[in-house]
Amino acid sequence: DLGIAVETLAVFVRFWLTTNPPLPEPAQAAARAKAGERYDAFVAALGRRLAQGPKLRQEISEDVPADASNE
């Protein structure tokens with residue numbers, strides 16, 4: 001499961017990076033500043049989620065009916 005998750009993330013990031021064109025030079029500084037803010041917010045949210053839960057694997061098991069694996 002971990003290997004699949006890592007590959008999924010890697011493919012997504014590669015796809016995102018190759019399909020988004022670079023910004024013009026004047027807009028790059030503002031974009032870097034905004035990206036830094038968003039990254040800091042992401043790391044803070046990730047820290048809260050890991051500390052408080054629930055974990056994604058718990059949410060998935062709650063969303064998938066118990067008999068779904070028998071189909």
# chains A, B, ... in the order shown; residues from 1 in each chain; ligands from 1

call {"tool": "select_by_dssp", "arguments": {"residues": "chain A", "states": "alpha helix (DSSP H)", "output": "ChimeraX atom specification"}}
result
/A:2-19,25-52,56-63

call {"tool": "write_last_selection", "arguments": {"atoms": "N, CA and C atoms", "output": "short mmCIF file (atom, residue, chain, number, x, y, z; two decimals), in the first residue's frame"}}
result
data_model
loop_
_atom_site.label_atom_id
_atom_site.label_comp_id
_atom_site.auth_asym_id
_atom_site.auth_seq_id
_atom_site.Cartn_x
_atom_site.Cartn_y
_atom_site.Cartn_z
N LEU A 2 1.92 1.26 0.77
CA LEU A 2 2.79 2.43 0.83
C LEU A 2 3.45 2.68 -0.52
N GLY A 3 3.89 1.61 -1.18
CA GLY A 3 4.51 1.75 -2.49
C GLY A 3 3.56 2.35 -3.50
N ILE A 4 2.32 1.93 -3.47
CA ILE A 4 1.31 2.48 -4.39
C ILE A 4 1.08 3.95 -4.09
N ALA A 5 1.00 4.30 -2.81
CA ALA A 5 0.78 5.70 -2.44
C ALA A 5 1.93 6.58 -2.90
N VAL A 6 3.16 6.11 -2.72
CA VAL A 6 4.32 6.89 -3.13
C VAL A 6 4.34 7.06 -4.65
N GLU A 7 4.09 5.99 -5.38
CA GLU A 7 4.07 6.08 -6.84
C GLU A 7 2.96 6.99 -7.32
N THR A 8 1.80 6.93 -6.68
CA THR A 8 0.68 7.80 -7.05
C THR A 8 1.07 9.26 -6.88
N LEU A 9 1.66 9.58 -5.76
CA LEU A 9 2.08 10.95 -5.51
C LEU A 9 3.14 11.39 -6.51
N ALA A 10 4.11 10.52 -6.79
CA ALA A 10 5.18 10.86 -7.72
C ALA A 10 4.64 11.11 -9.13
N VAL A 11 3.72 10.26 -9.57
CA VAL A 11 3.15 10.44 -10.91
C VAL A 11 2.33 11.72 -10.97
N PHE A 12 1.58 12.00 -9.92
CA PHE A 12 0.79 13.23 -9.88
C PHE A 12 1.69 14.46 -9.95
N VAL A 13 2.73 14.49 -9.15
CA VAL A 13 3.64 15.64 -9.14
C VAL A 13 4.32 15.80 -10.49
N ARG A 14 4.79 14.71 -11.05
CA ARG A 14 5.43 14.80 -12.38
C ARG A 14 4.45 15.33 -13.42
N PHE A 15 3.22 14.81 -13.41
CA PHE A 15 2.20 15.26 -14.35
C PHE A 15 1.92 16.75 -14.17
N TRP A 16 1.75 17.16 -12.92
CA TRP A 16 1.44 18.56 -12.62
C TRP A 16 2.57 19.47 -13.09
N LEU A 17 3.81 19.08 -12.84
CA LEU A 17 4.95 19.91 -13.22
C LEU A 17 5.12 20.00 -14.73
N THR A 18 4.79 18.94 -15.44
CA THR A 18 4.98 18.97 -16.89
C THR A 18 3.81 19.60 -17.63
N THR A 19 2.65 19.73 -16.99
CA THR A 19 1.50 20.31 -17.70
C THR A 19 1.26 21.77 -17.37
N GLU A 25 8.63 35.96 -15.89
CA GLU A 25 9.61 36.40 -14.89
C GLU A 25 9.03 37.38 -13.86
N PRO A 26 8.28 38.40 -14.26
CA PRO A 26 7.78 39.36 -13.25
C PRO A 26 6.85 38.72 -12.20
N ALA A 27 6.15 37.66 -12.55
CA ALA A 27 5.20 37.04 -11.64
C ALA A 27 5.84 35.97 -10.75
N GLN A 28 7.08 35.59 -11.04
CA GLN A 28 7.69 34.48 -10.31
C GLN A 28 7.95 34.79 -8.84
N ALA A 29 8.36 35.99 -8.51
CA ALA A 29 8.65 36.33 -7.11
C ALA A 29 7.38 36.26 -6.27
N ALA A 30 6.29 36.81 -6.78
CA ALA A 30 5.02 36.76 -6.05
C ALA A 30 4.54 35.32 -5.91
N ALA A 31 4.72 34.53 -6.95
CA ALA A 31 4.30 33.13 -6.90
C ALA A 31 5.13 32.35 -5.88
N ARG A 32 6.42 32.63 -5.82
CA ARG A 32 7.27 31.95 -4.82
C ARG A 32 6.84 32.31 -3.40
N ALA A 33 6.52 33.57 -3.18
CA ALA A 33 6.07 34.00 -1.85
C ALA A 33 4.77 33.31 -1.48
N LYS A 34 3.82 33.26 -2.41
CA LYS A 34 2.54 32.60 -2.15
C LYS A 34 2.75 31.11 -1.94
N ALA A 35 3.64 30.50 -2.71
CA ALA A 35 3.92 29.07 -2.55
C ALA A 35 4.50 28.79 -1.17
N GLY A 36 5.37 29.68 -0.69
CA GLY A 36 5.93 29.51 0.65
C GLY A 36 4.85 29.56 1.72
N GLU A 37 3.91 30.50 1.58
CA GLU A 37 2.80 30.59 2.53
C GLU A 37 1.95 29.32 2.49
N ARG A 38 1.64 28.86 1.29
CA ARG A 38 0.81 27.66 1.15
C ARG A 38 1.52 26.42 1.69
N TYR A 39 2.82 26.33 1.47
CA TYR A 39 3.57 25.19 1.98
C TYR A 39 3.57 25.19 3.51
N ASP A 40 3.80 26.35 4.11
CA ASP A 40 3.77 26.46 5.57
C ASP A 40 2.41 26.05 6.11
N ALA A 41 1.33 26.50 5.47
CA ALA A 41 -0.02 26.14 5.90
C ALA A 41 -0.25 24.64 5.73
N PHE A 42 0.26 24.07 4.63
CA PHE A 42 0.13 22.63 4.40
C PHE A 42 0.84 21.82 5.48
N VAL A 43 2.06 22.20 5.80
CA VAL A 43 2.83 21.49 6.81
C VAL A 43 2.14 21.59 8.17
N ALA A 44 1.61 22.76 8.49
CA ALA A 44 0.89 22.93 9.76
C ALA A 44 -0.36 22.05 9.79
N ALA A 45 -1.11 22.02 8.69
CA ALA A 45 -2.31 21.18 8.63
C ALA A 45 -1.95 19.71 8.71
N LEU A 46 -0.88 19.31 8.05
CA LEU A 46 -0.43 17.92 8.10
C LEU A 46 -0.04 17.55 9.52
N GLY A 47 0.67 18.42 10.20
CA GLY A 47 1.06 18.17 11.58
C GLY A 47 -0.15 18.00 12.49
N ARG A 48 -1.15 18.87 12.32
CA ARG A 48 -2.37 18.74 13.12
C ARG A 48 -3.08 17.43 12.82
N ARG A 49 -3.17 17.09 11.55
CA ARG A 49 -3.86 15.86 11.15
C ARG A 49 -3.15 14.64 11.73
N LEU A 50 -1.82 14.60 11.64
CA LEU A 50 -1.08 13.45 12.17
C LEU A 50 -1.21 13.37 13.69
N ALA A 51 -1.26 14.51 14.35
CA ALA A 51 -1.35 14.52 15.81
C ALA A 51 -2.76 14.18 16.30
N GLN A 52 -3.77 14.63 15.58
CA GLN A 52 -5.14 14.50 16.07
C GLN A 52 -5.96 13.44 15.36
N LEU A 56 -6.10 8.79 7.04
CA LEU A 56 -6.81 8.50 5.80
C LEU A 56 -7.26 7.05 5.75
N ARG A 57 -6.40 6.13 6.19
CA ARG A 57 -6.77 4.71 6.14
C ARG A 57 -7.98 4.42 7.02
N GLN A 58 -8.18 5.19 8.10
CA GLN A 58 -9.36 5.03 8.93
C GLN A 58 -10.60 5.56 8.22
N GLU A 59 -10.46 6.69 7.55
CA GLU A 59 -11.59 7.24 6.83
C GLU A 59 -12.03 6.32 5.70
N ILE A 60 -11.08 5.73 5.00
CA ILE A 60 -11.41 4.83 3.91
C ILE A 60 -12.15 3.61 4.44
N SER A 61 -11.66 3.04 5.53
CA SER A 61 -12.32 1.85 6.07
C SER A 61 -13.72 2.18 6.57
N GLU A 62 -13.96 3.43 6.98
CA GLU A 62 -15.30 3.84 7.39
C GLU A 62 -16.20 4.05 6.19
N ASP A 63 -15.64 4.46 5.05
CA ASP A 63 -16.43 4.73 3.85
C ASP A 63 -16.77 3.47 3.06
#
